[in-house]
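Trainee: I'm passing along data-v7.tsv; it holds TSV, C-alpha atoms.
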chain	number	residue	atom	x	y	z
L	1	MET	CA	81.68	90.59	105.59
L	2	PRO	CA	83.98	93.27	107.00
L	3	ASN	CA	87.56	92.25	107.65
L	4	GLN	CA	87.64	92.16	111.47
L	5	PRO	CA	91.44	92.53	111.91
L	6	ASP	CA	91.40	95.56	109.58
L	7	ARG	CA	88.54	97.12	111.51
L	8	ARG	CA	90.24	96.55	114.86
L	9	GLY	CA	93.41	98.12	113.48
L	10	GLU	CA	91.42	101.15	112.36
L	11	LEU	CA	89.78	101.34	115.81
L	12	THR	CA	93.21	101.23	117.47
L	13	ALA	CA	94.58	104.06	115.35
L	14	PHE	CA	91.44	106.17	115.66
L	15	LEU	CA	91.27	105.92	119.47
L	16	ARG	CA	94.96	106.70	119.81
L	17	SER	CA	94.74	109.72	117.51
L	18	ARG	CA	91.79	111.15	119.45
L	19	ARG	CA	93.40	110.46	122.83
L	20	GLU	CA	96.62	112.15	121.76
L	21	ARG	CA	94.92	115.36	120.66
L	22	LEU	CA	93.65	116.05	124.21
L	23	THR	CA	95.76	117.49	127.02
L	24	PRO	CA	95.27	117.17	130.80
L	25	ASP	CA	94.30	120.86	130.80
L	26	ASP	CA	91.50	120.12	128.33
L	27	VAL	CA	89.82	117.71	130.74
L	28	GLY	CA	90.71	119.39	134.04
L	29	LEU	CA	93.47	116.99	135.12
L	30	PRO	CA	96.64	118.20	136.88
L	31	ARG	CA	99.93	117.85	135.07
L	32	THR	CA	102.13	115.19	136.66
L	33	GLY	CA	105.75	115.09	135.54
L	34	ARG	CA	107.16	114.72	132.07
L	35	ARG	CA	105.16	112.96	129.38
L	36	ARG	CA	106.82	110.71	126.85
L	37	THR	CA	103.82	110.81	124.51
L	38	PRO	CA	101.41	113.60	123.57
L	39	GLY	CA	97.89	113.84	124.91
L	40	LEU	CA	96.17	111.88	127.63
L	41	ARG	CA	97.55	108.65	129.00
L	42	ARG	CA	95.43	105.53	128.58
L	43	GLU	CA	94.81	105.27	132.31
L	44	GLU	CA	93.68	108.90	132.45
L	45	LEU	CA	91.18	108.38	129.66
L	46	ALA	CA	89.91	105.19	131.30
L	47	LEU	CA	89.46	106.99	134.62
L	48	LEU	CA	87.46	109.81	133.03
L	49	ALA	CA	85.29	107.31	131.13
L	50	GLY	CA	84.69	105.19	134.23
L	51	ILE	CA	86.20	101.99	132.86
L	52	SER	CA	89.14	99.76	133.72
L	53	ALA	CA	92.51	100.96	132.46
L	54	THR	CA	93.46	97.40	131.55
L	55	TRP	CA	90.21	96.89	129.64
L	56	TYR	CA	90.67	100.17	127.74
L	57	THR	CA	94.24	99.18	126.88
L	58	TYR	CA	92.94	95.91	125.43
L	59	LEU	CA	90.39	97.88	123.38
L	60	GLU	CA	92.98	100.30	122.00
L	61	GLN	CA	95.34	97.44	121.27
L	62	GLY	CA	92.69	95.93	119.01
L	63	ARG	CA	92.07	92.80	121.03
L	64	ASP	CA	88.92	90.84	120.31
L	65	ILE	CA	86.77	92.01	123.24
L	66	ARG	CA	83.13	93.01	123.53
L	67	VAL	CA	82.28	96.63	124.18
L	68	SER	CA	78.89	98.06	125.13
L	69	ASP	CA	77.12	101.10	123.72
L	70	GLN	CA	77.40	102.71	127.16
L	71	VAL	CA	81.18	102.39	127.14
L	72	LEU	CA	81.42	103.79	123.62
L	73	ASP	CA	79.19	106.69	124.65
L	74	ALA	CA	81.49	107.40	127.61
L	75	LEU	CA	84.59	107.30	125.43
L	76	ALA	CA	82.97	109.56	122.83
L	77	ARG	CA	82.08	112.05	125.57
L	78	VAL	CA	85.55	112.11	127.13
L	79	LEU	CA	87.28	112.25	123.74
L	80	ARG	CA	84.95	115.11	122.73
L	81	LEU	CA	83.95	113.44	119.49
L	82	ASP	CA	81.59	115.31	117.21
L	83	GLY	CA	78.68	113.58	115.46
L	84	PRO	CA	80.57	112.07	112.50
L	85	GLU	CA	83.46	111.01	114.76
L	86	ARG	CA	81.07	109.33	117.20
L	87	GLU	CA	79.38	107.45	114.36
L	88	HIS	CA	82.81	106.42	113.05
L	89	LEU	CA	83.78	105.08	116.50
L	90	PHE	CA	80.60	103.01	116.75
L	91	ARG	CA	81.04	101.60	113.26
L	92	LEU	CA	84.65	100.60	113.90
L	93	ALA	CA	83.56	98.92	117.14
L	94	GLY	CA	80.94	96.95	115.22
L	95	HIS	CA	77.96	98.68	116.85
L	96	ALA	CA	76.37	100.19	113.77
L	97	PRO	CA	74.84	98.42	110.80
L	98	GLY	CA	77.52	97.87	108.21
L	99	GLU	CA	76.80	99.22	104.79
L	100	SER	CA	76.99	96.95	101.81
L	101	ALA	CA	80.35	96.71	100.11
L	102	ALA	CA	78.73	95.40	96.96
L	103	ARG	CA	79.80	96.84	93.65
L	104	PRO	CA	77.84	99.90	92.53
L	105	ARG	CA	74.62	99.30	90.66
L	106	PRO	CA	74.16	100.84	87.20
L	107	LEU	CA	73.10	104.46	87.43
L	108	PRO	CA	69.52	104.92	86.15
L	109	ALA	CA	69.34	107.22	83.15
L	110	GLU	CA	66.83	109.50	84.85
L	111	VAL	CA	69.25	109.99	87.77
L	112	ALA	CA	72.25	110.59	85.50
L	113	ALA	CA	70.25	113.29	83.71
L	114	VAL	CA	69.69	115.43	86.82
L	115	PRO	CA	72.99	117.41	86.65
L	116	LEU	CA	72.28	118.16	82.99
L	117	LEU	CA	68.92	119.65	83.94
L	118	LEU	CA	70.63	122.01	86.40
L	119	GLN	CA	72.73	123.81	83.76
L	120	PRO	CA	73.96	126.60	84.04
L	121	ASN	CA	74.57	125.84	87.73
L	122	PRO	CA	77.63	123.56	88.08
L	123	ALA	CA	76.39	120.17	89.28
L	124	TYR	CA	77.70	116.62	89.53
L	125	LEU	CA	76.74	113.27	91.01
L	126	ILE	CA	79.33	111.31	93.00
L	127	ASN	CA	79.43	107.94	94.74
L	128	GLY	CA	81.18	106.97	97.98
L	129	THR	CA	84.63	106.85	96.40
L	130	TYR	CA	84.10	110.25	94.75
L	131	ASP	CA	83.74	108.87	91.24
L	132	VAL	CA	81.88	111.52	89.24
L	133	LEU	CA	79.08	109.48	87.69
L	134	SER	CA	77.41	112.40	85.92
L	135	HIS	CA	78.16	116.10	85.54
L	136	ASN	CA	77.10	119.03	83.41
L	137	ARG	CA	79.08	121.37	81.18
L	138	ALA	CA	79.23	124.10	83.84
L	139	ALA	CA	80.94	121.69	86.26
L	140	GLU	CA	83.46	120.68	83.61
L	141	GLU	CA	84.26	124.34	82.97
L	142	LEU	CA	84.53	125.19	86.67
L	143	PHE	CA	86.75	122.18	87.44
L	144	PRO	CA	89.11	121.91	84.44
L	145	HIS	CA	90.54	118.49	83.56
L	146	LEU	CA	88.01	116.79	85.85
L	147	ALA	CA	87.33	114.16	83.20
L	148	GLY	CA	90.89	112.83	83.45
L	149	ALA	CA	91.66	109.44	81.90
L	150	VAL	CA	89.31	108.00	79.29
L	151	ASP	CA	89.48	104.45	80.71
L	152	ARG	CA	87.87	105.23	84.07
L	153	PRO	CA	85.28	107.68	85.44
L	154	PRO	CA	86.30	111.15	86.61
L	155	ASN	CA	87.04	111.22	90.32
L	156	PHE	CA	86.78	114.37	92.42
L	157	ALA	CA	89.28	113.17	95.06
L	158	ARG	CA	91.88	112.49	92.36
L	159	TRP	CA	91.18	115.89	90.88
L	160	VAL	CA	91.66	117.71	94.21
L	161	PHE	CA	94.88	115.92	95.18
L	162	LEU	CA	96.52	114.98	91.89
L	163	GLU	CA	95.42	117.63	89.38
L	164	PRO	CA	97.65	120.77	89.50
L	165	ALA	CA	94.75	122.97	88.35
L	166	ALA	CA	92.88	122.19	91.60
L	167	ARG	CA	95.21	124.42	93.61
L	168	GLU	CA	94.43	127.29	91.28
L	169	VAL	CA	90.67	126.77	91.32
L	170	LEU	CA	90.25	126.04	95.04
L	171	ILE	CA	91.35	129.27	96.71
L	172	ASP	CA	91.40	127.62	100.14
L	173	TRP	CA	92.93	124.42	98.79
L	174	GLU	CA	94.32	122.99	102.02
L	175	HIS	CA	91.10	123.53	103.97
L	176	GLU	CA	89.01	121.97	101.20
L	177	ALA	CA	91.44	119.08	100.67
L	178	ARG	CA	91.58	118.20	104.36
L	179	GLY	CA	87.79	118.23	104.55
L	180	LEU	CA	87.45	115.97	101.53
L	181	LEU	CA	89.97	113.51	102.96
L	182	ALA	CA	88.11	113.45	106.29
L	183	ARG	CA	84.88	112.65	104.46
L	184	LEU	CA	86.62	109.94	102.44
L	185	ARG	CA	87.90	108.33	105.66
L	186	THR	CA	84.39	108.39	107.12
L	187	LEU	CA	83.05	106.57	104.06
L	188	ALA	CA	85.98	104.14	104.03
L	189	GLY	CA	85.25	103.33	107.68
L	190	ARG	CA	81.85	102.02	106.62
L	191	HIS	CA	83.49	99.57	104.19
L	192	PRO	CA	86.48	97.96	105.99
L	193	GLY	CA	88.52	95.89	103.57
L	194	ASP	CA	86.76	97.26	100.47
L	195	ASP	CA	89.43	97.40	97.75
L	196	ARG	CA	87.72	100.37	96.06
L	197	TYR	CA	88.62	102.60	99.00
L	198	GLU	CA	91.96	100.98	99.70
L	199	GLY	CA	93.02	101.39	96.08
L	200	LEU	CA	91.95	105.03	95.91
L	201	VAL	CA	93.69	105.98	99.16
L	202	LYS	CA	96.85	104.15	98.07
L	203	GLU	CA	96.83	106.05	94.77
L	204	LEU	CA	96.30	109.41	96.51
L	205	LYS	CA	99.10	108.72	99.00
L	206	ALA	CA	101.49	107.76	96.21
L	207	GLY	CA	100.69	110.89	94.23
L	208	ASN	CA	100.53	113.46	97.01
L	209	PRO	CA	102.70	113.37	100.18
L	210	GLU	CA	100.18	115.56	102.02
L	211	VAL	CA	97.62	112.77	101.82
L	212	ALA	CA	100.02	110.34	103.47
L	213	ASP	CA	100.57	112.83	106.30
L	214	TRP	CA	96.95	113.86	106.80
L	215	TRP	CA	95.55	110.32	106.56
L	216	THR	CA	97.36	109.33	109.76
L	217	ARG	CA	95.50	112.05	111.70
L	218	TYR	CA	92.21	110.15	111.41
L	219	ASP	CA	89.99	113.16	110.82
L	220	VAL	CA	86.41	112.21	109.97
L	221	GLN	CA	83.58	114.37	108.67
L	222	ALA	CA	80.09	113.95	107.24
L	223	ARG	CA	79.21	115.11	103.74
L	224	GLN	CA	77.51	118.47	103.92
L	225	GLY	CA	76.92	121.73	102.09
L	226	GLY	CA	78.70	125.01	102.68
L	227	ARG	CA	80.66	127.72	100.88
L	228	LYS	CA	83.72	127.58	98.64
L	229	ARG	CA	85.84	130.30	97.09
L	230	LEU	CA	86.58	129.22	93.53
L	231	ARG	CA	88.48	130.82	90.68
L	232	VAL	CA	86.14	130.86	87.71
L	233	PRO	CA	87.26	130.42	84.08
L	234	GLU	CA	87.16	134.20	83.55
L	235	GLY	CA	89.88	134.54	86.19
L	236	GLY	CA	87.99	136.13	89.07
L	237	VAL	CA	87.24	134.60	92.47
L	238	VAL	CA	83.61	133.77	93.31
L	239	ASP	CA	82.21	132.76	96.68
L	240	PHE	CA	79.89	129.86	95.78
L	241	ALA	CA	77.30	128.19	97.96
L	242	TYR	CA	77.09	124.44	97.41
L	243	THR	CA	74.43	121.99	98.52
L	244	ALA	CA	74.64	118.20	98.80
L	245	PHE	CA	71.61	115.96	98.31
L	246	HIS	CA	71.58	112.19	98.89
L	247	LEU	CA	69.61	109.84	96.66
L	248	ALA	CA	66.75	108.22	98.59
L	249	GLU	CA	67.35	104.70	97.28
L	250	ASP	CA	71.15	104.92	97.59
L	251	PRO	CA	72.31	107.44	100.26
L	252	GLU	CA	75.93	106.98	99.20
L	253	LEU	CA	75.15	108.76	95.91
L	254	THR	CA	75.38	112.52	96.39
L	255	LEU	CA	74.22	115.30	94.08
L	256	VAL	CA	76.31	118.46	94.54
L	257	ILE	CA	75.04	121.77	93.18
L	258	TYR	CA	76.97	125.07	93.11
L	259	SER	CA	75.20	128.42	93.01
L	260	LEU	CA	75.74	132.04	93.89
L	261	PRO	CA	74.71	132.72	97.51
L	262	VAL	CA	71.16	134.03	97.78
L	263	THR	CA	70.61	136.99	100.11
L	264	THR	CA	67.20	138.09	101.29
L	265	GLY	CA	66.17	141.41	102.77
L	266	VAL	CA	64.35	141.74	106.08
Output the file's structure as structure tokens, nothing else.
Mentor:
Amino acid sequence: MPNQPDRRGELTAFLRSRRERLTPDDVGLPRTGRRRTPGLRREELALLAGISATWYTYLEQGRDIRVSDQVLDALARVLRLDGPEREHLFRLAGHAPGESAARPRPLPAEVAAVPLLLQPNPAYLINGTYDVLSHNRAAEELFPHLAGAVDRPPNFARWVFLEPAAREVLIDWEHEARGLLARLRTLAGRHPGDDRYEGLVKELKAGNPEVADWWTRYDVQARQGGRKRLRVPEGGVVDFAYTAFHLAEDPELTLVIYSLPVTTGV
């Protein structure tokens, strides 16, 4: 079962971070005197959401109170949460089905073989903690030293934040790193108290001061495809398209495939 105090603490920090990123100007409120803290005041947010200021304070303080879907919807609207942020809020408030924190099941051989079949396109299969469960030769060449230690699986989050080569390969390293950390927080929010996530985040914080700074900002983001500028082994920079597919029987497993963007004439 999820650790309720941990989840309430996460809810407290998440609400505060989202409240503090808004200004009175953002929501059409007049400025009234000096502000000792950034962003909206608790009573201002409560007013805009149509709830009691005292009740909202209890919620942000992590007290054990019941909250309705309607109230969470109102808070998400006022805080201008996007889709992944809204889902994260509901999960932290205990209003979404928790996902199993059970240990990963063995990876079927036919699933592990998929990245190999996609050669020469770089491809790899990752789980929720970004362990690379299977990858092909093209991925190993594109992301040097991804394999890492021999006593544990490669991990893409460790590679991005702790491997010096990552800053050379990822042309827009900070943008990509922030996005990955936001996706890791989203996944960690589905498994409160899971030592797999806690251990990984602790390791990343210890090895990279930027992680410790960015983690406190509570950015969340869903896994998705997009574009990345990567330095290829030959030394040039290539604008790759990448696509993420989730395994039907285990949506936390994600197959990532890199390819050259396809353009079509009209």
Trainee: Using all atoms listed in the file, find each residue of segment 42-148 of chain L with at least one atom at most 12 Å away from an atom of segment 163-174 of chain L; report its shortest atom-to-atom pair and that distance in Å (one decimal), sort the rows by chain and rising residue number, and return the result as JSON lines.
Mentor:
{"residue": "L:Glu141", "atom": "CA", "partner": "L:Val169", "partner_atom": "CA", "distance": 10.8}
{"residue": "L:Leu142", "atom": "CA", "partner": "L:Val169", "partner_atom": "CA", "distance": 7.9}
{"residue": "L:Phe143", "atom": "CA", "partner": "L:Val169", "partner_atom": "CA", "distance": 7.2}
{"residue": "L:Pro144", "atom": "CA", "partner": "L:Ala165", "partner_atom": "CA", "distance": 6.9}
{"residue": "L:His145", "atom": "CA", "partner": "L:Glu163", "partner_atom": "CA", "distance": 7.6}
{"residue": "L:Leu146", "atom": "CA", "partner": "L:Glu163", "partner_atom": "CA", "distance": 8.3}
{"residue": "L:Ala147", "atom": "CA", "partner": "L:Glu163", "partner_atom": "CA", "distance": 10.8}
{"residue": "L:Gly148", "atom": "CA", "partner": "L:Glu163", "partner_atom": "CA", "distance": 8.9}
Trainee: Tell me which of L:Pro233, L:Ala182, L:Val114, L:His191 sits closest to Glu140 of chain L, counting all atoms listed in the file.
Mentor: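 Among the listed residues, the smallest separation from Glu140 of chain L belongs to L:Pro233.
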Trainee: Figure out the distance between atom CA of Leu59 of chain L and atom CA of Gly9 of chain L, please, to one decimal in Å.
Mentor: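 Atom CA of Gly9 of chain L sits 10.4 Å away from atom CA of Leu59 of chain L.
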Trainee: What is the atom CA of Ala244 of chain L-atom CA of Leu72 of chain L distance in Å, reported with one decimal?
Mentor: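 Between atom CA of Ala244 of chain L and atom CA of Leu72 of chain L the gap works out to 29.5 Å.
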Trainee: Can you work out which one of L:Glu234, L:Asp82, L:Asp6, L:Asp69 has the shortest atom-to-atom distance to Ala188 of chain L, counting all atoms listed in the file?
Mentor: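 The shortest atom-to-atom distance to Ala188 of chain L comes from L:Asp6.
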Trainee: Name the residues in contact with Asn121 of chain L at a cut-off of 12 Å, using all atoms listed in the file, excluding same-chain residues fewer than 6 positions from it; report them as a list of chain:residue names.
Mentor: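 Once the nearby chain positions are removed, what remains is L:Val114, L:Pro115, L:His135, L:Asn136, L:Arg137, L:Ala138, L:Ala139, L:Glu140, L:Glu141, L:Leu142, L:Phe240, L:Ala241, L:Tyr242, L:Thr243, L:Val256, L:Ile257, L:Tyr258, L:Ser259, L:Leu260, L:Pro261.
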Trainee: Identify the residues within 9 Å of coordinate (93.2, 115.9, 112.0) (same frame as the file), considering all atoms listed in the file, and give the answer as a PDB file with C-alpha atoms, in the coordinates of the input.
Mentor:
ATOM      1  CA  SER L  17      94.740 109.720 117.510  1.00  0.00           C
ATOM      2  CA  ARG L  18      91.790 111.150 119.450  1.00  0.00           C
ATOM      3  CA  ARG L  21      94.920 115.360 120.660  1.00  0.00           C
ATOM      4  CA  ARG L 178      91.580 118.200 104.360  1.00  0.00           C
ATOM      5  CA  ALA L 182      88.110 113.450 106.290  1.00  0.00           C
ATOM      6  CA  TRP L 214      96.950 113.860 106.800  1.00  0.00           C
ATOM      7  CA  TRP L 215      95.550 110.320 106.560  1.00  0.00           C
ATOM      8  CA  THR L 216      97.360 109.330 109.760  1.00  0.00           C
ATOM      9  CA  ARG L 217      95.500 112.050 111.700  1.00  0.00           C
ATOM     10  CA  TYR L 218      92.210 110.150 111.410  1.00  0.00           C
ATOM     11  CA  ASP L 219      89.990 113.160 110.820  1.00  0.00           C
ATOM     12  CA  VAL L 220      86.410 112.210 109.970  1.00  0.00           C
TER      13      VAL L 220
END
Trainee: If you measure from atom CA of Asp64 of chain L to atom CA of Asp194 of chain L, what distance in Å do you get, rounded to one decimal?
Mentor: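 Going from atom CA of Asp64 of chain L over to atom CA of Asp194 of chain L, I get 21.0 Å.
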Trainee: List every protein, DNA or RNA residue with an atom no more than 10 Å from (90.6, 106.0, 97.7) in the file's coordinates, counting only C-alpha atoms, and format the result as a PyMOL selection string.
Mentor: chain L and resi 128-131+155+157-158+181+184-185+187-188+194-205
Trainee: Save out the residues we just selected, C-alpha atoms, as a PDB file, in the coordinates of the input.
Mentor:
ATOM      1  CA  GLY L 128      81.180 106.970  97.980  1.00  0.00           C
ATOM      2  CA  THR L 129      84.630 106.850  96.400  1.00  0.00           C
ATOM      3  CA  TYR L 130      84.100 110.250  94.750  1.00  0.00           C
ATOM      4  CA  ASP L 131      83.740 108.870  91.240  1.00  0.00           C
ATOM      5  CA  ASN L 155      87.040 111.220  90.320  1.00  0.00           C
ATOM      6  CA  ALA L 157      89.280 113.170  95.060  1.00  0.00           C
ATOM      7  CA  ARG L 158      91.880 112.490  92.360  1.00  0.00           C
ATOM      8  CA  LEU L 181      89.970 113.510 102.960  1.00  0.00           C
ATOM      9  CA  LEU L 184      86.620 109.940 102.440  1.00  0.00           C
ATOM     10  CA  ARG L 185      87.900 108.330 105.660  1.00  0.00           C
ATOM     11  CA  LEU L 187      83.050 106.570 104.060  1.00  0.00           C
ATOM     12  CA  ALA L 188      85.980 104.140 104.030  1.00  0.00           C
ATOM     13  CA  ASP L 194      86.760  97.260 100.470  1.00  0.00           C
ATOM     14  CA  ASP L 195      89.430  97.400  97.750  1.00  0.00           C
ATOM     15  CA  ARG L 196      87.720 100.370  96.060  1.00  0.00           C
ATOM     16  CA  TYR L 197      88.620 102.600  99.000  1.00  0.00           C
ATOM     17  CA  GLU L 198      91.960 100.980  99.700  1.00  0.00           C
ATOM     18  CA  GLY L 199      93.020 101.390  96.080  1.00  0.00           C
ATOM     19  CA  LEU L 200      91.950 105.030  95.910  1.00  0.00           C
ATOM     20  CA  VAL L 201      93.690 105.980  99.160  1.00  0.00           C
ATOM     21  CA  LYS L 202      96.850 104.150  98.070  1.00  0.00           C
ATOM     22  CA  GLU L 203      96.830 106.050  94.770  1.00  0.00           C
ATOM     23  CA  LEU L 204      96.300 109.410  96.510  1.00  0.00           C
ATOM     24  CA  LYS L 205      99.100 108.720  99.000  1.00  0.00           C
TER      25      LYS L 205
END
Trainee: List as number ranges by chain the protein and nucleic acid residues near Ser134 of chain L, meaning an atom at most 8 Å away when all atoms listed in the file are counted, but skip any in the same chain fewer than 6 places from it.
Mentor: L: 112-113, 115, 124-126
Trainee: Which residues are close to Arg63 of chain L, i.e. within 10 Å by only C-alpha atoms, leaving aside same-chain residues fewer than 3 positions away? Reply as a PDB file with C-alpha atoms, in the coordinates of the input.
Mentor:
ATOM      1  CA  PRO L   5      91.440  92.530 111.910  1.00  0.00           C
ATOM      2  CA  ARG L   8      90.240  96.550 114.860  1.00  0.00           C
ATOM      3  CA  GLY L   9      93.410  98.120 113.480  1.00  0.00           C
ATOM      4  CA  THR L  12      93.210 101.230 117.470  1.00  0.00           C
ATOM      5  CA  TRP L  55      90.210  96.890 129.640  1.00  0.00           C
ATOM      6  CA  THR L  57      94.240  99.180 126.880  1.00  0.00           C
ATOM      7  CA  TYR L  58      92.940  95.910 125.430  1.00  0.00           C
ATOM      8  CA  LEU L  59      90.390  97.880 123.380  1.00  0.00           C
ATOM      9  CA  GLU L  60      92.980 100.300 122.000  1.00  0.00           C
ATOM     10  CA  ARG L  66      83.130  93.010 123.530  1.00  0.00           C
TER      11      ARG L  66
END
Trainee: For each of L:Pro84, L:Gly50, L:Gly28, L:Gly39, take the minimum atom-to-atom distance to Thr186 of chain L, counting only C-alpha atoms, then give the residue where this is smallest.
Mentor: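 Nearest to Thr186 of chain L: L:Pro84.
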Trainee: Could you tell me which of L:Val132, L:Leu92, L:Leu15, L:Ile51 comes closest to Gln70 of chain L if we count only C-alpha atoms?
Mentor: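 Smallest distance to Gln70 of chain L is found for L:Ile51.
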